[in-house]
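This is protein.tsv (TSV, C-alpha atoms).
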chain	number	residue	atom	x	y	z
A	1397	MET	CA	92.38	-135.23	10.89
A	1398	LYS	CA	96.12	-135.15	11.50
A	1399	LYS	CA	98.31	-133.18	9.14
A	1400	GLU	CA	100.76	-135.18	7.04
A	1401	ILE	CA	104.24	-133.73	7.52
A	1402	CYS	CA	107.31	-134.95	5.60
A	1403	TYR	CA	110.81	-134.04	6.82
A	1404	THR	CA	113.80	-134.80	4.62
A	1405	VAL	CA	117.36	-135.75	5.57
A	1406	PRO	CA	120.37	-136.34	3.30
A	1407	SER	CA	120.98	-139.70	4.97
A	1408	ILE	CA	119.23	-141.70	7.66
A	1409	SER	CA	122.50	-143.41	8.62
A	1410	SER	CA	124.56	-140.25	9.08
A	1411	ARG	CA	125.96	-139.06	12.38
A	1412	SER	CA	125.70	-135.50	11.10
A	1413	GLY	CA	124.13	-132.74	13.15
A	1414	VAL	CA	121.36	-132.29	10.55
A	1415	THR	CA	120.20	-135.89	10.89
A	1416	LYS	CA	120.25	-135.71	14.69
A	1417	VAL	CA	118.32	-132.43	14.77
A	1418	VAL	CA	115.65	-133.73	12.37
A	1419	ALA	CA	115.30	-136.81	14.56
A	1420	ASN	CA	114.91	-134.69	17.70
A	1421	ILE	CA	112.23	-132.48	16.15
A	1422	THR	CA	110.24	-135.26	14.46
A	1423	ASN	CA	110.24	-137.40	17.61
A	1424	ALA	CA	108.97	-134.48	19.68
A	1425	LEU	CA	106.31	-133.51	17.13
A	1426	CYS	CA	105.17	-137.11	16.90
A	1427	ARG	CA	104.63	-137.19	20.66
A	1428	THR	CA	102.23	-134.23	20.43
A	1429	GLY	CA	99.78	-136.52	18.62
A	1430	LYS	CA	98.93	-133.75	16.14
A	1431	TYR	CA	100.79	-134.99	13.07
A	1432	ASN	CA	101.57	-138.05	10.98
A	1433	ILE	CA	105.32	-137.77	10.41
A	1434	THR	CA	107.36	-139.24	7.57
A	1435	VAL	CA	111.14	-138.93	7.32
A	1436	LEU	CA	112.35	-139.07	3.73
A	1437	ALA	CA	116.03	-139.96	3.30
A	1438	VAL	CA	117.71	-139.00	0.03
A	1439	ASP	CA	120.30	-141.77	0.01
A	1440	GLY	CA	119.52	-145.46	-0.15
A	1441	THR	CA	121.25	-146.62	3.00
A	1442	GLU	CA	119.11	-149.00	5.02
A	1443	ASP	CA	121.16	-148.64	8.20
A	1444	ASN	CA	119.16	-146.38	10.52
A	1445	ALA	CA	121.70	-144.71	12.81
A	1446	ILE	CA	119.17	-142.51	14.59
A	1447	ALA	CA	116.44	-143.46	17.04
A	1448	LEU	CA	113.02	-142.53	15.69
A	1449	ASN	CA	109.58	-143.01	17.22
A	1450	ASP	CA	107.93	-146.23	15.98
A	1451	GLU	CA	105.06	-144.14	14.58
A	1452	ILE	CA	107.38	-142.24	12.23
A	1453	LYS	CA	107.53	-143.74	8.77
A	1454	VAL	CA	110.97	-143.79	7.14
A	1455	ILE	CA	111.39	-143.87	3.35
A	1456	ASN	CA	114.72	-144.11	1.51
A	1457	ILE	CA	114.47	-142.92	-2.10
A	1458	GLY	CA	117.74	-144.59	-3.04
A	1459	ALA	CA	119.74	-141.81	-4.67
A	1460	ASN	CA	123.48	-142.45	-4.98
A	1461	ALA	CA	125.73	-139.38	-4.65
A	1462	ASN	CA	128.88	-141.31	-5.65
A	1463	GLY	CA	128.80	-140.68	-9.36
A	1464	ASN	CA	127.56	-138.32	-12.04
A	1465	LYS	CA	125.95	-135.21	-10.51
A	1466	LEU	CA	123.19	-134.95	-13.12
A	1467	ASN	CA	122.36	-138.61	-12.67
A	1468	TYR	CA	122.21	-138.07	-8.90
A	1469	LEU	CA	119.75	-135.20	-9.30
A	1470	MET	CA	117.58	-137.29	-11.61
A	1471	GLN	CA	117.57	-140.08	-9.04
A	1472	ILE	CA	116.31	-137.61	-6.44
A	1473	ILE	CA	113.59	-136.24	-8.72
A	1474	LEU	CA	112.38	-139.67	-9.81
A	1475	GLY	CA	112.62	-141.00	-6.27
A	1476	VAL	CA	110.51	-138.17	-4.84
A	1477	ARG	CA	108.02	-138.56	-7.71
A	1478	ARG	CA	107.75	-142.25	-6.92
A	1479	VAL	CA	107.03	-141.51	-3.26
A	1480	LEU	CA	104.43	-138.86	-4.14
A	1481	SER	CA	102.59	-141.27	-6.42
A	1482	SER	CA	101.15	-142.94	-3.32
A	1483	TYR	CA	101.67	-140.31	-0.61
A	1484	THR	CA	100.52	-136.70	-0.40
A	1485	PRO	CA	101.95	-134.72	2.52
A	1486	ASP	CA	100.48	-131.36	3.46
A	1487	ILE	CA	103.96	-129.96	4.03
A	1488	ILE	CA	107.45	-131.05	3.00
A	1489	VAL	CA	110.28	-129.62	5.13
A	1490	VAL	CA	113.52	-129.90	3.13
A	1491	SER	CA	116.81	-129.95	5.03
A	1492	GLY	CA	119.60	-128.80	2.74
A	1493	ALA	CA	119.29	-126.01	0.20
A	1494	GLU	CA	121.03	-128.20	-2.40
A	1495	PHE	CA	117.84	-130.28	-2.54
A	1496	VAL	CA	115.46	-127.35	-3.15
A	1497	LEU	CA	115.58	-127.45	-6.97
A	1498	PRO	CA	115.19	-131.23	-7.43
A	1499	PHE	CA	112.37	-131.33	-4.86
A	1500	SER	CA	110.70	-128.35	-6.54
A	1501	PHE	CA	110.75	-130.08	-9.92
A	1502	ALA	CA	109.56	-133.39	-8.46
A	1503	VAL	CA	106.60	-131.80	-6.64
A	1504	TRP	CA	105.67	-129.58	-9.59
A	1505	SER	CA	105.76	-132.49	-12.05
A	1506	SER	CA	103.64	-134.61	-9.69
A	1507	GLY	CA	100.77	-132.13	-10.10
A	1508	LYS	CA	100.13	-132.09	-6.37
A	1509	SER	CA	99.60	-129.02	-4.20
A	1510	ILE	CA	102.07	-129.28	-1.33
A	1511	SER	CA	103.46	-126.54	0.89
A	1512	MET	CA	107.26	-126.42	0.72
A	1513	PHE	CA	109.49	-125.29	3.59
A	1514	GLN	CA	113.29	-124.89	3.42
A	1515	TRP	CA	115.03	-125.62	6.73
A	1516	GLU	CA	118.40	-123.83	6.69
A	1517	HIS	CA	120.83	-125.74	8.86
A	1518	LEU	CA	123.89	-123.71	7.91
A	1519	ASN	CA	123.51	-120.06	6.94
A	1520	PHE	CA	122.67	-117.92	3.94
A	1521	ASP	CA	126.27	-117.27	2.89
A	1522	VAL	CA	127.32	-120.94	2.67
A	1523	GLY	CA	127.89	-122.29	-0.82
A	1524	PRO	CA	129.71	-121.13	-3.99
A	1525	LYS	CA	127.81	-118.79	-6.31
A	1526	PHE	CA	125.51	-120.38	-8.91
A	1527	ARG	CA	125.88	-123.86	-7.47
A	1528	LEU	CA	122.91	-125.93	-6.30
A	1529	GLU	CA	122.95	-124.68	-2.73
A	1530	TRP	CA	123.26	-121.01	-3.75
A	1531	LEU	CA	120.47	-121.34	-6.31
A	1532	GLY	CA	118.29	-123.39	-3.97
A	1533	LYS	CA	118.19	-120.68	-1.29
A	1534	ARG	CA	117.12	-118.05	-3.78
A	1535	TRP	CA	114.53	-120.33	-5.38
A	1536	ALA	CA	113.04	-121.11	-1.97
A	1537	LEU	CA	112.92	-117.40	-1.13
A	1538	ALA	CA	111.04	-116.69	-4.35
A	1539	PHE	CA	108.66	-119.63	-4.60
A	1540	TRP	CA	108.42	-121.67	-1.40
A	1541	GLN	CA	106.06	-120.94	1.47
A	1542	ARG	CA	108.48	-120.74	4.40
A	1543	ILE	CA	112.18	-120.54	5.27
A	1544	VAL	CA	113.17	-121.78	8.74
A	1545	CYS	CA	116.47	-120.38	10.07
A	1546	ILE	CA	118.08	-121.53	13.28
A	1547	THR	CA	119.77	-118.30	14.41
A	1548	LYS	CA	118.69	-114.68	14.70
A	1549	LYS	CA	121.65	-113.47	12.66
A	1550	ASP	CA	120.88	-115.83	9.78
A	1551	ALA	CA	117.17	-114.90	9.83
A	1552	MET	CA	118.20	-111.26	9.35
A	1553	GLN	CA	120.43	-112.30	6.44
A	1554	TYR	CA	117.48	-114.01	4.75
A	1555	ILE	CA	115.15	-111.08	5.45
A	1556	THR	CA	117.46	-108.71	3.58
A	1557	HIS	CA	116.98	-110.84	0.46
A	1558	THR	CA	113.17	-110.92	0.32
A	1559	ASP	CA	110.20	-108.54	0.20
A	1560	THR	CA	108.07	-111.14	1.99
A	1561	LYS	CA	109.50	-111.02	5.50
A	1562	GLY	CA	106.59	-113.08	6.85
A	1563	LYS	CA	107.95	-116.21	5.22
A	1564	ILE	CA	111.15	-116.14	7.32
A	1565	ASN	CA	110.88	-118.02	10.62
A	1566	GLN	CA	113.61	-118.35	13.22
A	1567	ILE	CA	113.44	-121.49	15.40
A	1568	TYR	CA	116.36	-122.84	17.38
A	1569	ASN	CA	117.38	-126.46	17.00
A	1570	LEU	CA	116.13	-128.91	19.58
A	1571	ASN	CA	119.13	-130.50	21.24
A	1572	GLY	CA	118.60	-134.03	22.47
A	1573	PHE	CA	121.79	-133.76	24.53
A	1574	LYS	CA	121.40	-135.22	28.00
A	1575	ALA	CA	123.66	-133.02	30.07
A	1576	ILE	CA	125.52	-134.43	33.05
A	1577	ARG	CA	126.19	-131.35	35.14
A	1578	LYS	CA	128.69	-132.01	37.88
A	1579	PRO	CA	130.23	-129.48	40.26
A	1580	TYR	CA	132.56	-127.34	38.15
A	1581	ASN	CA	136.04	-128.86	38.00
A	1582	ILE	CA	138.09	-125.80	38.90
A	1583	ALA	CA	141.26	-127.91	39.18
A	1584	SER	CA	141.10	-129.22	35.61
A	1585	LYS	CA	143.94	-128.16	33.33
A	1586	LYS	CA	142.34	-129.46	30.15
A	1587	ILE	CA	140.52	-127.69	27.31
A	1588	ILE	CA	137.94	-129.46	25.13
A	1589	SER	CA	136.79	-128.95	21.54
A	1590	CYS	CA	134.38	-131.11	19.53
A	1591	GLY	CA	133.27	-131.36	15.93
A	1592	TYR	CA	133.62	-133.00	12.55
A	1593	LEU	CA	137.22	-132.74	11.38
A	1594	ALA	CA	136.57	-130.65	8.27
A	1595	PRO	CA	138.08	-127.36	7.02
A	1596	ILE	CA	134.97	-125.35	7.92
A	1597	LYS	CA	135.46	-126.25	11.60
A	1598	GLY	CA	138.79	-124.42	11.72
A	1599	PHE	CA	140.78	-126.96	13.71
A	1600	ASP	CA	143.88	-125.88	11.79
A	1601	MET	CA	143.48	-122.47	13.43
A	1602	LEU	CA	142.98	-124.22	16.77
A	1603	VAL	CA	146.46	-125.73	16.42
A	1604	ASP	CA	147.91	-122.26	15.82
A	1605	VAL	CA	146.06	-120.91	18.87
A	1606	ALA	CA	147.26	-123.84	20.96
A	1607	LYS	CA	150.88	-123.15	19.99
A	1608	LYS	CA	150.62	-119.67	21.50
A	1609	VAL	CA	148.72	-120.86	24.59
A	1610	PHE	CA	151.13	-123.64	25.48
A	1611	GLU	CA	154.14	-121.35	25.15
A	1612	ARG	CA	152.73	-119.63	28.25
A	1613	HIS	CA	151.05	-122.61	29.92
A	1614	PRO	CA	152.88	-125.83	29.02
A	1615	ASP	CA	151.21	-127.75	31.85
A	1616	TRP	CA	147.78	-127.67	30.12
A	1617	GLN	CA	146.31	-130.05	27.52
A	1618	TRP	CA	143.78	-129.58	24.69
A	1619	ASP	CA	141.61	-132.53	23.57
A	1620	ILE	CA	139.65	-132.61	20.30
A	1621	TYR	CA	136.75	-135.07	19.92
A	1622	GLY	CA	135.59	-135.99	16.42
A	1623	GLU	CA	136.57	-137.66	13.17
A	1624	GLY	CA	136.74	-136.51	9.56
A	1625	GLN	CA	138.79	-136.00	6.43
A	1626	GLU	CA	141.11	-133.47	8.09
A	1627	ARG	CA	142.51	-135.90	10.66
A	1628	VAL	CA	145.77	-136.69	8.82
A	1629	ARG	CA	146.44	-133.01	8.07
A	1630	LEU	CA	145.77	-132.05	11.68
A	1631	GLU	CA	148.13	-134.75	12.93
A	1632	GLN	CA	150.80	-133.28	10.66
A	1633	LEU	CA	150.17	-129.76	11.94
A	1634	ILE	CA	150.32	-130.93	15.54
A	1635	ASN	CA	153.66	-132.60	14.91
A	1636	GLU	CA	155.01	-129.59	13.00
A	1637	ARG	CA	154.12	-127.26	15.89
A	1638	SER	CA	155.73	-129.67	18.40
A	1639	LEU	CA	152.38	-130.13	20.15
A	1640	ARG	CA	152.23	-133.91	20.23
A	1641	GLY	CA	150.78	-134.94	23.57
A	1642	LYS	CA	149.52	-131.37	24.14
A	1643	VAL	CA	146.84	-131.25	21.43
A	1644	VAL	CA	145.26	-134.70	21.32
A	1645	LEU	CA	142.85	-136.04	18.67
A	1646	LYS	CA	140.56	-138.26	20.73
A	1647	GLY	CA	138.34	-139.53	17.89
A	1648	TYR	CA	134.57	-139.88	17.87
A	1649	GLU	CA	132.99	-140.17	21.33
A	1650	PRO	CA	129.33	-141.33	21.42
A	1651	ASN	CA	128.99	-140.45	25.12
A	1652	ILE	CA	130.52	-137.01	25.03
A	1653	ASN	CA	128.18	-135.81	27.79
A	1654	GLU	CA	130.17	-137.99	30.19
A	1655	LYS	CA	133.42	-136.23	29.25
A	1656	TYR	CA	132.65	-132.52	29.72
A	1657	GLY	CA	132.98	-132.66	33.50
A	1658	ASN	CA	136.68	-133.48	33.12
A	1659	TYR	CA	137.44	-130.17	31.40
A	1660	SER	CA	137.97	-126.56	32.36
A	1661	PHE	CA	136.33	-124.86	29.37
A	1662	PHE	CA	135.25	-125.34	25.74
A	1663	VAL	CA	136.72	-123.65	22.65
A	1664	MET	CA	135.26	-123.41	19.13
A	1665	THR	CA	137.34	-122.16	16.19
A	1666	SER	CA	134.86	-122.68	13.33
A	1667	ARG	CA	135.04	-120.57	10.19
A	1668	MET	CA	131.27	-120.88	9.78
A	1669	GLU	CA	128.41	-122.57	11.62
A	1670	GLY	CA	124.71	-123.19	11.28
A	1671	MET	CA	124.20	-122.94	15.03
A	1672	GLY	CA	127.13	-124.55	16.79
A	1673	MET	CA	125.19	-126.99	18.95
A	1674	VAL	CA	128.39	-128.12	20.65
A	1675	LEU	CA	128.50	-124.72	22.37
A	1676	ILE	CA	125.08	-125.38	23.90
A	1677	GLU	CA	126.11	-128.88	24.97
A	1678	ALA	CA	129.17	-127.48	26.72
A	1679	GLN	CA	127.13	-124.76	28.41
A	1680	LYS	CA	124.54	-127.26	29.64
A	1681	ALA	CA	127.42	-129.18	31.19
A	1682	GLY	CA	128.47	-126.00	33.00
A	1683	LEU	CA	131.55	-125.07	30.98
A	1684	PRO	CA	132.69	-121.56	30.07
A	1685	VAL	CA	133.02	-121.21	26.29
A	1686	VAL	CA	135.33	-119.31	23.95
A	1687	SER	CA	134.47	-119.00	20.26
A	1688	PHE	CA	135.13	-117.01	17.14
A	1689	ASP	CA	132.10	-114.80	16.43
A	1690	CYS	CA	131.48	-116.58	13.14
A	1691	LYS	CA	128.28	-116.75	11.12
A	1692	CYS	CA	125.99	-117.84	12.61
A	1693	GLY	CA	125.21	-118.98	16.14
A	1694	PRO	CA	127.88	-118.22	18.75
A	1695	SER	CA	126.54	-114.71	19.38
A	1696	ASP	CA	123.11	-116.21	20.21
A	1697	VAL	CA	124.44	-118.19	23.17
A	1698	ILE	CA	127.56	-116.38	24.39
A	1699	ALA	CA	127.21	-113.21	26.45
A	1700	ASN	CA	130.69	-111.82	25.97
A	1701	GLY	CA	132.50	-111.43	29.29
A	1702	GLU	CA	129.66	-113.07	31.26
A	1703	ASN	CA	129.59	-116.76	30.35
A	1704	GLY	CA	132.46	-116.82	27.87
A	1705	TYR	CA	134.29	-114.87	25.20
A	1706	LEU	CA	133.37	-113.99	21.62
A	1707	ILE	CA	136.48	-113.43	19.53
A	1708	SER	CA	136.58	-111.46	16.29
A	1709	CYS	CA	136.97	-113.75	13.27
A	1710	PHE	CA	139.68	-115.01	13.00
A	1711	ASP	CA	141.93	-113.28	15.47
A	1712	ILE	CA	144.27	-116.05	16.59
A	1713	ASP	CA	146.28	-113.79	18.88
A	1714	ASN	CA	143.20	-112.51	20.72
A	1715	MET	CA	141.80	-116.04	20.99
A	1716	ALA	CA	145.05	-117.21	22.58
A	1717	ASN	CA	145.08	-114.22	24.96
A	1718	LYS	CA	141.49	-114.83	26.12
A	1719	ILE	CA	142.19	-118.52	26.69
A	1720	CYS	CA	145.24	-117.60	28.74
A	1721	ASP	CA	143.09	-115.12	30.64
A	1722	LEU	CA	140.77	-117.96	31.66
A	1723	ILE	CA	143.68	-120.24	32.51
A	1724	GLU	CA	145.22	-117.57	34.77
A	1725	HIS	CA	142.00	-116.58	36.61
A	1726	GLU	CA	140.21	-119.42	38.39
A	1727	GLU	CA	137.55	-117.11	39.82
A	1728	LEU	CA	136.63	-115.93	36.31
A	1729	ARG	CA	136.19	-119.50	35.11
A	1730	SER	CA	133.98	-120.17	38.12
A	1731	VAL	CA	131.75	-117.15	37.38
A	1732	PHE	CA	131.47	-118.09	33.70
A	1733	SER	CA	130.51	-121.61	34.72
A	1734	GLN	CA	127.75	-120.30	37.02
A	1735	ASN	CA	126.44	-118.19	34.13
A	1736	SER	CA	126.88	-120.88	31.48
A	1737	GLU	CA	123.16	-121.33	30.72
A	1738	MET	CA	122.13	-117.68	30.97
A	1739	CYS	CA	121.30	-117.41	27.24
A	1740	LEU	CA	119.52	-120.75	26.82
A	1741	ALA	CA	115.90	-119.96	27.81
A	1742	GLU	CA	114.80	-119.90	24.15
A	1743	PHE	CA	116.35	-123.34	23.67
A	1744	GLU	CA	113.90	-125.00	26.04
A	1745	LYS	CA	112.12	-127.96	24.43
A	1746	LYS	CA	108.59	-126.63	24.97
A	1747	VAL	CA	109.42	-123.26	23.42
A	1748	ILE	CA	110.90	-124.86	20.30
A	1749	ILE	CA	108.12	-127.41	19.79
A	1750	ASP	CA	105.43	-124.74	20.28
A	1751	GLU	CA	107.11	-122.65	17.59
A	1752	TRP	CA	107.20	-125.58	15.17
A	1753	CYS	CA	103.54	-126.41	15.88
A	1754	ASN	CA	102.51	-122.78	15.28
A	1755	LEU	CA	104.40	-122.82	11.99
A	1756	LEU	CA	102.98	-126.13	10.77
A	1757	ASP	CA	99.43	-125.20	11.80
A	1758	THR	CA	99.22	-121.83	10.04

Have the structure of the file written as structure tokens, please.
Amino acid sequence: MKKEICYTVPSISSRSGVTKVVANITNALCRTGKYNITVLAVDGTEDNAIALNDEIKVINIGANANGNKLNYLMQIILGVRRVLSSYTPDIIVVSGAEFVLPFSFAVWSSGKSISMFQWEHLNFDVGPKFRLEWLGKRWALAFWQRIVCITKKDAMQYITHTDTKGKINQIYNLNGFKAIRKPYNIASKKIISCGYLAPIKGFDMLVDVAKKVFERHPDWQWDIYGEGQERVRLEQLINERSLRGKVVLKGYEPNINEKYGNYSFFVMTSRMEGMGMVLIEAQKAGLPVVSFDCKCGPSDVIANGENGYLISCFDIDNMANKICDLIEHEELRSVFSQNSEMCLAEFEKKVIIDEWCNLLDT
């Protein structure tokens, strides 16, 4: 008999990395034929923005986050209870530590015995003290069966907070990115960055870095792909630094894989990451990468000085110097491009799916 596995997502209509990663994993697990998969969406949006296998059942519990927080939590609890009244999964994999407490209460009050896994998509240090996310991580450590981390550094952070090290599992995210790897464009004078335009992504620091870079290399350009609440502020910063036309906000690009080949290298200035999947996408496209060594993820895929540069957080001067170093040395960019995928063996699809199957089967 197939195991019943339930994965949760905050929203089935979101373009967020969490939703995409859950879709990638559930589709791949479904194709193994070993599991019956259900994706449980917390919000009530009917618009399915991700492509899921026809055999995967999707349930929206209908919680509305735009309102009273306590009411929202009660909607989640009652919604999960309602689902569990007619459905008993063997395992529920919860994406988002802020959902740990309401899911715990819903499952406990249902009277059903279900194994609970927390899937950490960010890292242990994210979230203000004593808020839902902070409490959820510690509750899961104490009472849930497994914690799944996506980077080695974050797994070590979790291990230092538990006496039961066997419940911490590190599995990289499965990236559904279809790389288009062209011959490296050594003549390109353009830098690329991608991500949601939010404070945690550090694009404000990118503008400061760009100011220093373009003082030395005014013939280059830096394009940023993505949308978000920081767009207006970033436009203001770009204008204030006299970088209009040099740092360009390109907006959301659904076919970003077609764009990488036009660029010389990729830069990430995030304050914090869960994994930083955009780094892997850039590397699969053959680009050198430069990133702050933030928690957690860049150090798992960047071999400093071999396929890119890891910069101490948040050393804007050193970041600018390393970018200029790449601009000024074509042969170095070429070597980094050749080595771009040297750290990605553990990100192979078969490796990741085997690890998930081993976890779900134990």

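Near Glu1516 (chain A), within a cut-off of 9 Å and counting all atoms listed in the file, sit the residues A:Val1490, A:Ser1491, A:Gly1492, A:Ala1493, A:Asn1519, A:Phe1520, A:Lys1533, A:Ile1543, A:Val1544, A:Cys1545, A:Ile1546, A:Asp1550, A:Gly1670, with same-chain residues fewer than 3 positions away left out.
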
File of the preceding selection, C-alpha atoms, as a PDB file, in the frame of the given file:
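Wrote it out as out.pdb, contents follow:
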ATOM      1  CA  VAL A1490     113.520-129.900   3.130  1.00  0.00           C
ATOM      2  CA  SER A1491     116.810-129.950   5.030  1.00  0.00           C
ATOM      3  CA  GLY A1492     119.600-128.800   2.740  1.00  0.00           C
ATOM      4  CA  ALA A1493     119.290-126.010   0.200  1.00  0.00           C
ATOM      5  CA  ASN A1519     123.510-120.060   6.940  1.00  0.00           C
ATOM      6  CA  PHE A1520     122.670-117.920   3.940  1.00  0.00           C
ATOM      7  CA  LYS A1533     118.190-120.680  -1.290  1.00  0.00           C
ATOM      8  CA  ILE A1543     112.180-120.540   5.270  1.00  0.00           C
ATOM      9  CA  VAL A1544     113.170-121.780   8.740  1.00  0.00           C
ATOM     10  CA  CYS A1545     116.470-120.380  10.070  1.00  0.00           C
ATOM     11  CA  ILE A1546     118.080-121.530  13.280  1.00  0.00           C
ATOM     12  CA  ASP A1550     120.880-115.830   9.780  1.00  0.00           C
ATOM     13  CA  GLY A1670     124.710-123.190  11.280  1.00  0.00           C
TER      14      GLY A1670
END

Exercise. Which residues come within 10 Å of region 1415-1423 of chain A, counting only C-alpha atoms, excluding same-chain residues fewer than 6 positions away, as a PyMOL selection string?
Worked result: chain A and resi 1401-1409+1431-1435+1437+1445-1452+1489+1491+1515+1517+1569-1573+1673+1745+1748-1749+1752

Problem set entry | Exercise: Phe1732 (chain A) partners within 9 Å, only C-alpha atoms, chain neighbours under 4 positions left out, as a ChimeraX atom specification | /A:1682-1685,1701-1704,1727-1728,1736

Writer output for current selection, C-alpha atoms, as an mmCIF file, in the frame of the given file:
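The resulting file, part.cif, is reproduced below:
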data_model
loop_
_atom_site.group_PDB
_atom_site.id
_atom_site.type_symbol
_atom_site.label_atom_id
_atom_site.label_comp_id
_atom_site.auth_asym_id
_atom_site.auth_seq_id
_atom_site.Cartn_x
_atom_site.Cartn_y
_atom_site.Cartn_z
ATOM 1 C CA GLY A 1682 128.470 -126.000 33.000
ATOM 2 C CA LEU A 1683 131.550 -125.070 30.980
ATOM 3 C CA PRO A 1684 132.690 -121.560 30.070
ATOM 4 C CA VAL A 1685 133.020 -121.210 26.290
ATOM 5 C CA GLY A 1701 132.500 -111.430 29.290
ATOM 6 C CA GLU A 1702 129.660 -113.070 31.260
ATOM 7 C CA ASN A 1703 129.590 -116.760 30.350
ATOM 8 C CA GLY A 1704 132.460 -116.820 27.870
ATOM 9 C CA GLU A 1727 137.550 -117.110 39.820
ATOM 10 C CA LEU A 1728 136.630 -115.930 36.310
ATOM 11 C CA SER A 1736 126.880 -120.880 31.480
#

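Atom pair CA of Leu1528 (chain A) / CA of Arg1627 (chain A): separated by 27.8 Å.
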
For this session: Tell me which protein, DNA and RNA residues are within 12 Å of Lys1561 (chain A), counting only C-alpha atoms, leaving out same-chain ones fewer than 4 positions away, and put them as JSON, numbers by chain.
Result: {"A": [1537, 1538, 1541, 1542, 1543, 1544, 1551, 1552, 1553, 1554, 1555, 1556, 1557, 1565, 1566]}

Problem set entry | Top pick for closest residue to Cys1690 (chain A), considering A:Glu1400, A:Asp1521, A:Glu1677, A:Asp1486 and counting only C-alpha atoms | A:Asp1521

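Nearest to Val1697 (chain A) of all the residues A:Ile1723, A:Cys1709, A:Ala1741, A:Leu1436 is A:Ala1741, based on all atoms listed in the file.
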
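Using all atoms listed in the file, the nearest neighbour of Ile1596 (chain A) within the list A:Gly1641, A:Gly1523, A:Gly1458, A:Pro1650 is A:Gly1523.
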
Would you give the centre and edge lengths, in Å to one decimal, of a box along x, y and z around the listed atoms of region 1556-1564 of chain A, with 4 Å added to each side, as lines of an AutoDock Vina configuration file?
center_x = 112.0
center_y = -112.4
center_z = 3.8
size_x = 18.9
size_y = 15.7
size_z = 15.1

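Relative to CA of Ser1500 (chain A), CA of Ile1457 (chain A) is found at 15.7 Å.
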
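Using all atoms listed in the file for every distance, the candidate list A:Gly1647, A:Gly1598, A:Pro1694, A:Gly1657 yields A:Gly1598 as the residue closest to Phe1710 (chain A).
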
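Reported to one decimal place, the separation of CA of Arg1629 (chain A) from CA of Arg1667 (chain A) is 17.0 Å.
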
Please report, as a tab-separated table, each residue of region 1686-1735 of chain A lying at most 9 Å from region 1606-1616 of chain A, together with the nearest pair of atoms and the separation in Å rounded to one decimal; use all atoms listed in the file, and order rows by chain and ascending residue number.
residue	atom	partner	partner_atom	distance
A:Ile1712	CA	A:Lys1608	CA	8.8
A:Asp1713	CA	A:Lys1608	CA	7.8
A:Ala1716	CA	A:Val1609	CA	5.6
A:Asn1717	CA	A:Val1609	CA	7.6
A:Ile1719	CA	A:Val1609	CA	7.2
A:Cys1720	CA	A:Val1609	CA	6.3
A:Ile1723	CA	A:His1613	CA	8.2

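Residue nearest Ser1660 (chain A) within the list A:Gln1514, A:Asn1581, A:Ser1638, A:Thr1484: A:Asn1581 [criterion: smallest interatomic distance, all atoms listed in the file].
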
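Proximity to Ile1707 (chain A) was assessed for A:Ser1584, A:Ser1687, A:Thr1758, A:Thr1665 counting all atoms listed in the file; the smallest distance is recorded for A:Ser1687.
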
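Excluding Val1644 (chain A) and any residue on its chain fewer than 2 positions from it, the residues at most 9 Å away by only C-alpha atoms are A:Gln1617, A:Trp1618, A:Asp1619, A:Ile1620, A:Tyr1621, A:Glu1631, A:Ile1634, A:Leu1639, A:Arg1640, A:Gly1641, A:Lys1642, A:Lys1646.
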
Can you patch up region 1552-1561 of chain A, filling it in to N, CA and C atoms, and show the result as a PDB file, keeping the file's coordinate frame?
ATOM      1  N   MET A1552     118.050-112.630   9.862  1.00  0.00           N
ATOM      2  CA  MET A1552     118.200-111.260   9.350  1.00  0.00           C
ATOM      3  C   MET A1552     118.865-111.267   7.980  1.00  0.00           C
ATOM      4  N   GLN A1553     119.808-112.194   7.760  1.00  0.00           N
ATOM      5  CA  GLN A1553     120.430-112.300   6.440  1.00  0.00           C
ATOM      6  C   GLN A1553     119.388-112.663   5.378  1.00  0.00           C
ATOM      7  N   TYR A1554     118.521-113.608   5.699  1.00  0.00           N
ATOM      8  CA  TYR A1554     117.480-114.010   4.750  1.00  0.00           C
ATOM      9  C   TYR A1554     116.492-112.860   4.512  1.00  0.00           C
ATOM     10  N   ILE A1555     116.135-112.157   5.578  1.00  0.00           N
ATOM     11  CA  ILE A1555     115.150-111.080   5.450  1.00  0.00           C
ATOM     12  C   ILE A1555     115.635-110.007   4.488  1.00  0.00           C
ATOM     13  N   THR A1556     116.947-109.741   4.476  1.00  0.00           N
ATOM     14  CA  THR A1556     117.460-108.710   3.580  1.00  0.00           C
ATOM     15  C   THR A1556     117.376-109.121   2.112  1.00  0.00           C
ATOM     16  N   HIS A1557     117.052-110.368   1.841  1.00  0.00           N
ATOM     17  CA  HIS A1557     116.980-110.840   0.460  1.00  0.00           C
ATOM     18  C   HIS A1557     115.551-111.126   0.000  1.00  0.00           C
ATOM     19  N   THR A1558     114.549-110.666   0.731  1.00  0.00           N
ATOM     20  CA  THR A1558     113.170-110.920   0.320  1.00  0.00           C
ATOM     21  C   THR A1558     112.277-109.746   0.683  1.00  0.00           C
ATOM     22  N   ASP A1559     111.216-109.551  -0.106  1.00  0.00           N
ATOM     23  CA  ASP A1559     110.200-108.540   0.200  1.00  0.00           C
ATOM     24  C   ASP A1559     109.087-109.135   1.059  1.00  0.00           C
ATOM     25  N   THR A1560     109.105-110.461   1.225  1.00  0.00           N
ATOM     26  CA  THR A1560     108.070-111.140   1.990  1.00  0.00           C
ATOM     27  C   THR A1560     108.653-111.624   3.302  1.00  0.00           C
ATOM     28  N   LYS A1561     108.834-110.691   4.243  1.00  0.00           N
ATOM     29  CA  LYS A1561     109.500-111.020   5.500  1.00  0.00           C
ATOM     30  C   LYS A1561     108.731-112.056   6.319  1.00  0.00           C
TER      31      LYS A1561
END
